[in-house]
file protein01.cif (mmCIF, C-alpha atoms)
data_model
loop_
_atom_site.label_atom_id
_atom_site.label_comp_id
_atom_site.auth_asym_id
_atom_site.auth_seq_id
_atom_site.Cartn_x
_atom_site.Cartn_y
_atom_site.Cartn_z
CA MET A 20 0.00 0.00 0.00
CA SER A 21 2.08 2.83 -1.32
CA PRO A 22 0.81 6.35 -0.56
CA SER A 23 -0.01 8.69 -3.42
CA LEU A 24 2.79 11.01 -4.45
CA PHE A 25 0.71 14.07 -3.61
CA SER A 26 -0.21 13.08 -0.07
CA PRO A 27 2.07 14.41 2.69
CA GLU A 28 3.56 10.95 3.32
CA GLY A 29 4.20 10.43 -0.39
CA LEU A 30 5.87 13.81 -0.69
CA ALA A 31 8.08 13.04 2.33
CA GLY A 32 9.01 9.71 0.73
CA ALA A 33 9.94 11.46 -2.52
CA ILE A 34 12.10 13.96 -0.61
CA PHE A 35 13.78 11.04 1.14
CA LEU A 36 14.60 9.44 -2.23
CA VAL A 37 16.07 12.76 -3.42
CA LEU A 38 18.21 12.91 -0.26
CA ILE A 39 19.53 9.37 -0.82
CA GLY A 40 20.37 10.35 -4.40
CA THR A 41 22.14 13.50 -3.20
CA THR A 42 24.20 11.48 -0.74
CA PHE A 43 25.38 8.93 -3.26
CA ILE A 44 26.00 11.41 -6.08
CA GLY A 45 28.08 13.45 -3.62
CA ALA A 46 30.01 10.36 -2.54
CA LEU A 47 30.66 9.44 -6.20
CA ILE A 48 31.99 12.93 -6.98
CA ALA A 49 34.09 12.87 -3.79
CA THR A 50 35.80 9.60 -4.67
CA LEU A 51 36.02 9.69 -8.46
CA SER A 52 36.68 13.26 -9.62
CA GLN A 53 40.14 14.09 -10.90
CA ARG A 54 40.59 17.41 -9.16
CA LEU A 55 40.69 17.56 -5.38
CA ILE A 56 38.69 20.79 -5.12
CA ARG A 57 35.77 19.12 -6.93
CA SER A 58 35.94 16.19 -4.61
CA VAL A 59 35.63 18.55 -1.62
CA ILE A 60 32.48 19.96 -3.21
CA GLY A 61 31.25 16.39 -3.65
CA LEU A 62 31.93 15.76 0.03
CA ALA A 63 29.87 18.83 0.97
CA VAL A 64 26.98 17.64 -1.25
CA CYS A 65 27.19 14.18 0.33
CA PHE A 66 27.03 15.64 3.84
CA LEU A 67 24.04 17.75 2.81
CA GLY A 68 22.22 14.51 1.96
CA VAL A 69 23.35 12.84 5.18
CA ALA A 70 22.03 15.81 7.18
CA GLY A 71 18.64 15.36 5.51
CA ILE A 72 18.70 11.65 6.39
CA TYR A 73 19.35 12.60 10.04
CA TYR A 74 16.33 14.87 9.86
CA PHE A 75 14.23 11.91 8.75
CA LEU A 76 15.59 9.99 11.76
CA ASN A 77 13.83 12.46 14.06
CA SER A 78 16.97 14.34 15.17
CA PRO A 79 16.96 17.88 13.76
CA PHE A 80 19.71 18.99 16.17
CA VAL A 81 22.21 16.45 14.86
CA ALA A 82 21.22 17.37 11.29
CA LEU A 83 21.97 21.02 12.03
CA MET A 84 25.29 20.10 13.65
CA GLU A 85 26.15 18.01 10.58
CA LEU A 86 25.61 21.07 8.39
CA LEU A 87 27.56 23.37 10.75
CA ILE A 88 30.53 21.13 11.48
CA TYR A 89 30.98 19.08 8.31
CA VAL A 90 29.74 21.33 5.51
CA GLY A 91 30.67 24.54 7.28
CA ALA A 92 33.95 23.72 9.00
CA VAL A 93 35.60 20.50 7.80
CA CYS A 94 34.99 21.04 4.06
CA ILE A 95 36.18 24.66 4.25
CA THR A 96 39.31 23.60 6.14
CA ILE A 97 40.08 20.94 3.52
CA ALA A 98 39.57 23.54 0.78
CA PHE A 99 42.07 25.83 2.56
CA ALA A 100 44.60 22.99 2.80
CA ILE A 101 44.19 22.26 -0.92
CA MET A 102 44.83 25.91 -1.75
CA LEU A 103 47.88 25.99 0.54
CA SER A 104 49.48 22.84 -0.83
CA ASP A 105 48.68 23.11 -4.55
CA PRO A 106 48.40 19.38 -5.29
CA GLU A 107 49.21 18.21 -8.80
CA ASP A 108 46.42 15.72 -8.95
CA THR A 109 46.31 15.76 -12.73
CA LYS A 110 49.85 14.41 -13.00
CA VAL A 111 49.91 11.67 -15.62
CA SER A 112 53.12 9.93 -14.63
CA ARG A 113 51.49 7.84 -11.95
CA LYS A 114 52.44 4.20 -12.11
CA TYR A 115 49.51 2.47 -10.50
CA LYS A 116 46.74 4.84 -11.48
CA SER A 117 45.19 2.63 -14.15
CA ILE A 118 44.98 -0.48 -12.02
CA SER A 119 44.09 1.16 -8.71
CA VAL A 120 40.42 1.42 -9.71
CA TRP A 121 40.31 -2.30 -10.42
CA VAL A 122 41.76 -3.07 -7.01
CA ALA A 123 39.75 -0.50 -5.10
CA ALA A 124 36.29 -1.02 -6.62
CA PRO A 125 35.97 -4.74 -5.78
CA LEU A 126 37.31 -4.06 -2.30
CA GLY A 127 34.77 -1.32 -1.61
CA LEU A 128 31.95 -3.38 -3.12
CA LEU A 129 32.95 -6.41 -1.08
CA ILE A 130 32.96 -4.48 2.19
CA ALA A 131 29.65 -2.74 1.41
CA PHE A 132 28.10 -6.08 0.43
CA ALA A 133 29.33 -7.81 3.57
CA LEU A 134 28.10 -5.01 5.83
CA GLY A 135 24.73 -4.82 4.07
CA ARG A 136 24.27 -8.58 4.21
CA THR A 137 25.09 -8.68 7.90
CA ALA A 138 22.67 -5.82 8.53
CA LEU A 139 19.83 -7.49 6.61
CA GLN A 140 20.31 -10.88 8.25
CA GLY A 141 20.22 -9.58 11.81
CA HIS A 142 17.08 -9.98 13.89
CA TRP A 143 16.76 -6.54 15.39
CA LEU A 144 14.32 -6.30 18.26
CA ALA A 145 12.49 -3.05 18.90
CA PRO A 146 12.52 -1.96 22.55
CA ALA A 147 9.42 -2.46 24.68
CA GLU A 148 9.24 1.21 25.57
CA LYS A 149 11.31 4.33 25.09
CA ILE A 150 12.26 6.22 28.22
CA ASN A 151 12.23 9.62 26.50
CA ALA A 152 11.40 11.18 23.13
CA GLY A 153 14.93 12.01 22.05
CA SER A 154 14.12 15.70 21.68
CA ILE A 155 16.60 18.55 22.05
CA ASN A 156 15.57 18.95 25.69
CA ASP A 157 16.31 15.30 26.47
CA LEU A 158 19.56 15.57 24.55
CA GLY A 159 20.71 18.54 26.63
CA MET A 160 19.66 16.85 29.88
CA SER A 161 21.60 13.68 29.24
CA LEU A 162 24.57 15.60 27.81
CA LEU A 163 24.90 17.55 31.04
CA ASN A 164 24.02 14.76 33.48
CA GLN A 165 24.92 11.31 32.24
CA TYR A 166 27.58 12.24 29.70
CA SER A 167 29.08 15.37 31.26
CA MET A 168 32.49 13.70 31.76
CA VAL A 169 32.70 12.73 28.07
CA PHE A 170 31.56 16.23 27.15
CA GLU A 171 34.46 17.74 29.11
CA LEU A 172 36.92 15.20 27.73
CA ILE A 173 36.03 15.99 24.14
CA SER A 174 36.61 19.69 24.74
CA VAL A 175 40.09 18.81 26.06
CA VAL A 176 40.66 16.66 22.95
CA LEU A 177 39.65 19.56 20.69
CA LEU A 178 41.92 21.98 22.57
CA VAL A 179 44.88 19.60 22.29
CA ALA A 180 44.12 19.08 18.59
CA ILE A 181 44.09 22.83 17.92
CA ILE A 182 47.36 23.43 19.80
CA GLY A 183 48.95 20.37 18.18
CA SER A 184 47.99 21.39 14.66
CA LEU A 185 49.32 24.91 15.25
CA ALA A 186 52.61 23.49 16.51
CA LEU A 187 52.83 21.02 13.60
CA ALA A 188 52.11 23.63 10.95
CA ARG A 189 54.77 25.90 12.44
CA VAL A 190 57.61 23.38 12.01
CA GLY A 191 59.67 24.07 8.91
CA ARG A 192 58.39 27.58 8.46
CA ARG A 193 61.27 29.93 7.70
CA LYS A 194 61.91 32.81 10.08
CA GLN A 195 61.41 36.22 8.55
CA MET B 30 9.16 2.86 -2.79
CA LEU B 31 7.82 5.98 -1.07
CA THR B 32 7.74 4.37 2.39
CA LEU B 33 11.47 3.61 2.46
CA SER B 34 12.14 6.12 5.23
CA ALA B 35 10.19 4.05 7.77
CA HIS B 36 12.43 0.97 7.57
CA LEU B 37 15.61 0.34 9.52
CA ASN B 38 17.17 -1.64 6.66
CA THR B 39 17.17 1.37 4.32
CA TYR B 40 19.43 3.31 6.66
CA LEU B 41 21.70 0.32 7.29
CA ILE B 42 22.19 -0.12 3.54
CA ILE B 43 22.93 3.61 3.15
CA GLY B 44 25.53 3.38 5.92
CA ALA B 45 27.12 0.26 4.40
CA LEU B 46 27.32 1.90 0.95
CA LEU B 47 28.88 5.09 2.36
CA PHE B 48 31.45 2.94 4.17
CA GLY B 49 32.17 1.08 0.92
CA PHE B 50 32.60 4.36 -0.98
CA GLY B 51 35.03 5.50 1.71
CA VAL B 52 37.15 2.34 1.51
CA PHE B 53 37.10 2.56 -2.29
CA GLY B 54 38.37 6.15 -2.21
CA LEU B 55 40.96 5.32 0.45
CA VAL B 56 42.57 2.73 -1.84
CA HIS B 57 42.00 4.58 -5.11
CA ARG B 58 43.09 8.12 -4.21
CA PRO B 59 46.79 8.90 -4.68
CA SER B 60 46.97 12.07 -2.58
CA LEU B 61 46.84 12.48 1.18
CA ILE B 62 43.97 14.98 1.08
CA GLY B 63 41.93 12.62 -1.11
CA MET B 64 42.47 9.88 1.44
CA LEU B 65 41.35 12.24 4.22
CA ILE B 66 38.14 12.97 2.29
CA SER B 67 37.50 9.22 2.02
CA VAL B 68 38.04 8.79 5.76
CA GLU B 69 35.33 11.40 6.34
CA LEU B 70 32.99 9.26 4.19
CA VAL B 71 33.78 6.18 6.31
CA LEU B 72 33.04 8.13 9.50
CA SER B 73 29.73 9.39 8.16
CA GLY B 74 28.73 5.84 7.19
CA ALA B 75 29.32 4.79 10.80
CA SER B 76 27.34 7.80 12.04
CA VAL B 77 24.36 6.94 9.84
CA ASN B 78 24.34 3.43 11.33
CA PHE B 79 24.43 4.80 14.87
CA MET B 80 21.57 7.21 14.16
CA ALA B 81 19.46 4.47 12.55
CA PHE B 82 19.85 2.07 15.47
CA ASN B 83 19.22 4.98 17.82
CA HIS B 84 15.93 5.90 16.17
CA PHE B 85 14.54 2.40 15.71
CA LEU B 86 15.99 0.20 18.45
CA ALA B 87 17.43 2.14 21.39
CA PRO B 88 15.32 2.43 24.53
CA ASP B 89 16.98 5.80 25.24
CA PRO B 90 16.95 7.72 21.93
CA THR B 91 19.51 10.29 23.06
CA VAL B 92 22.46 7.85 23.23
CA GLY B 93 23.00 7.51 19.50
CA GLN B 94 22.59 11.23 18.90
CA ILE B 95 25.21 12.03 21.54
CA PHE B 96 27.55 9.40 20.13
CA THR B 97 27.14 10.91 16.66
CA LEU B 98 27.91 14.37 18.07
CA PHE B 99 31.10 12.98 19.61
CA ILE B 100 32.03 11.32 16.31
CA MET B 101 31.68 14.75 14.69
CA GLY B 102 33.93 16.32 17.32
CA ILE B 103 36.58 13.64 16.89
CA ALA B 104 36.32 13.96 13.09
CA ALA B 105 36.88 17.71 13.31
CA ALA B 106 39.94 17.22 15.51
CA GLU B 107 41.22 14.51 13.16
CA ALA B 108 40.76 16.75 10.11
CA ALA B 109 42.64 19.62 11.78
CA ILE B 110 45.60 17.41 12.76
CA ALA B 111 45.69 15.59 9.40
CA LEU B 112 45.61 18.82 7.41
CA SER B 113 48.43 20.38 9.41
CA ILE B 114 50.47 17.19 8.86
CA VAL B 115 49.69 17.50 5.13
CA ILE B 116 50.93 21.11 5.13
CA ALA B 117 54.12 20.09 6.95
CA VAL B 118 54.69 17.21 4.49
CA TYR B 119 54.13 19.57 1.57
CA ARG B 120 56.80 21.94 2.92
CA ASN B 121 59.35 19.12 3.03
CA TYR B 122 58.54 17.20 -0.13
CA GLN B 123 56.75 19.75 -2.38
CA SER B 124 54.14 17.05 -2.96
CA ILE B 125 51.20 15.46 -1.16
CA ASP B 126 51.14 12.21 -3.11
CA ALA B 127 51.47 9.15 -0.92
CA ASP B 128 53.70 7.60 -3.62
CA ASP B 129 56.32 10.34 -3.26
CA LEU B 130 56.99 9.96 0.45
CA THR B 131 59.74 7.38 0.06
CA ASP B 132 62.59 8.52 2.30
CA LEU B 133 62.73 5.20 4.14
CA LYS B 134 62.86 3.15 0.93
CA GLY B 135 66.22 1.35 0.67
#
call {"tool": "encode", "arguments": {"input": "protein01.cif", "output": "structure tokens"}}
result
Amino acid sequence: MSPSLFSPEGLAGAIFLVLIGTTFIGALIATLSQRLIRSVIGLAVCFLGVAGIYYFLNSPFVALMELLIYVGAVCITIAFAIMLSDPEDTKVSRKYKSISVWVAAPLGLLIAFALGRTALQGHWLAPAEKINAGSINDLGMSLLNQYSMVFELISVVLLVAIIGSLALARVGRRKQ
Amino acid sequence: MLTLSAHLNTYLIIGALLFGFGVFGLVHRPSLIGMLISVELVLSGASVNFMAFNHFLAPDPTVGQIFTLFIMGIAAAEAAIALSIVIAVYRNYQSIDADDLTDLKG
């Protein structure tokens, strides 16, 4: 019993299909394009689709964070690094370039097939009852009660990462 | 076809395919930044799986969301460190191809 395309459920289903398409087209561009800057754009498109999928999973906050952190921060940082390092990705003198697709594609397909098969064969049991709705309020409550230690630890990790990347990028820089 | 968003298996297949794309790019890409982009795909495949199990199976539906937020934080830290390593490697070798970093080759 498939809903009509013009009912609200049908329209939501169509939007979901568009999001899946966006995700996979983005992933294809990210892995297959010749120039790195295009593959960053593909990554951003892919994350746009993933954010929409999170929205369908009833978590608008995580979808928004996906947009902010991945599309807004990580992709822009990678674009900066590409501009700073000027990669010659179009170089033709690469030895293994022609065969690397034929090694990589079966490997990726094999792993995706194995994971998908495992997922489809599992007998997943739905819980008897949910103890909260998973809304932003519940998220904030458990982030500051149950998971406050992890929350603090990840801020320390981020601080160390920032200081470490500054120190790493400084090495080898000539003094003026 | 239009009710796909209500099934757990749809999301698991999406996660598995994203993971496969990531592994494909990791082997196929010659440059370090390309490999970093593929690692981000692998991480997002794992996140999609966490969010799907969280929505359909977890008794406490905040656990998976919080785990996904932490994955995002770790991924941001990882991208910052990896990119600064890439910049440092570029200063020394004038290249970011993994094939060119052969100082230890006998």
call {"tool": "residues_around", "arguments": {"input": "protein01.cif", "residues": "stretch 98-106 of chain B", "least_positions_apart": "3", "cutoff": "6 Å", "atoms": "only C-alpha atoms", "output": "compact mmCIF listing (two decimals) with C-alpha atoms, in the frame of the given file"}}
result
# COMPACT_ATOMS: atom_id res chain seq x y z
CA LEU A 177 39.65 19.56 20.69
CA ALA A 180 44.12 19.08 18.59
CA ILE B 95 25.21 12.03 21.54
CA ALA B 109 42.64 19.62 11.78
call {"tool": "closest_residue", "arguments": {"input": "protein01.cif", "among": "A:Ile56, A:Gln140, A:Gly32, A:Gly91", "to": "chain B", "atoms": "all atoms listed in the file"}}
result
A:Gly32
call {"tool": "closest_atom_pairs", "arguments": {"input": "protein01.cif", "of": "chain A", "to": "chain B", "cutoff": "6 Å", "atoms": "all atoms listed in the file", "output": "Markdown table"}}
result
| residue | atom | partner | partner_atom | distance |
| --- | --- | --- | --- | --- |
| A:Gly29 | CA | B:Leu31 | CA | 5.8 |
| A:Gly32 | CA | B:Leu31 | CA | 4.3 |
| A:Thr50 | CA | B:Gly54 | CA | 5.0 |
| A:Ser119 | CA | B:His57 | CA | 5.4 |
| A:Val120 | CA | B:His57 | CA | 5.8 |
| A:Ala123 | CA | B:Phe53 | CA | 4.9 |
| A:Ala124 | CA | B:Phe53 | CA | 5.7 |
| A:Gly127 | CA | B:Gly49 | CA | 4.3 |
| A:Ile130 | CA | B:Gly49 | CA | 5.8 |
| A:Ala131 | CA | B:Gly49 | CA | 4.6 |
| A:Leu134 | CA | B:Ala45 | CA | 5.5 |
| A:Gly135 | CA | B:Ile42 | CA | 5.4 |
| A:Ala145 | CA | B:Leu86 | CA | 4.8 |
| A:Pro146 | CA | B:Pro88 | CA | 5.6 |
| A:Lys149 | CA | B:Pro88 | CA | 4.5 |
| A:Ile150 | CA | B:Asp89 | CA | 5.6 |
| A:Gly153 | CA | B:Pro90 | CA | 4.7 |
| A:Leu158 | CA | B:Thr91 | CA | 5.5 |
| A:Leu177 | CA | B:Ala106 | CA | 5.7 |
| A:Ala180 | CA | B:Ala106 | CA | 5.5 |
| A:Ser184 | CA | B:Ile110 | CA | 5.0 |
| A:Ala188 | CA | B:Ser113 | CA | 5.1 |
call {"tool": "resolve_selection", "arguments": {"input": "protein01.cif", "expression": "the PyMOL selection byres ((chain A and resi 58) around 10)", "output": "ChimeraX atom specification"}}
result
/A:45-57,59-64,94,98 /B:62-63,66-67
call {"tool": "atom_distance", "arguments": {"input": "protein01.cif", "atom1": "atom CA of A:Ile39", "atom2": "atom CA of A:Pro79"}}
result
17.1 Å
call {"tool": "atom_distance", "arguments": {"input": "protein01.cif", "atom1": "atom CA of A:Phe75", "atom2": "atom CA of A:Phe35"}}
result
7.7 Å
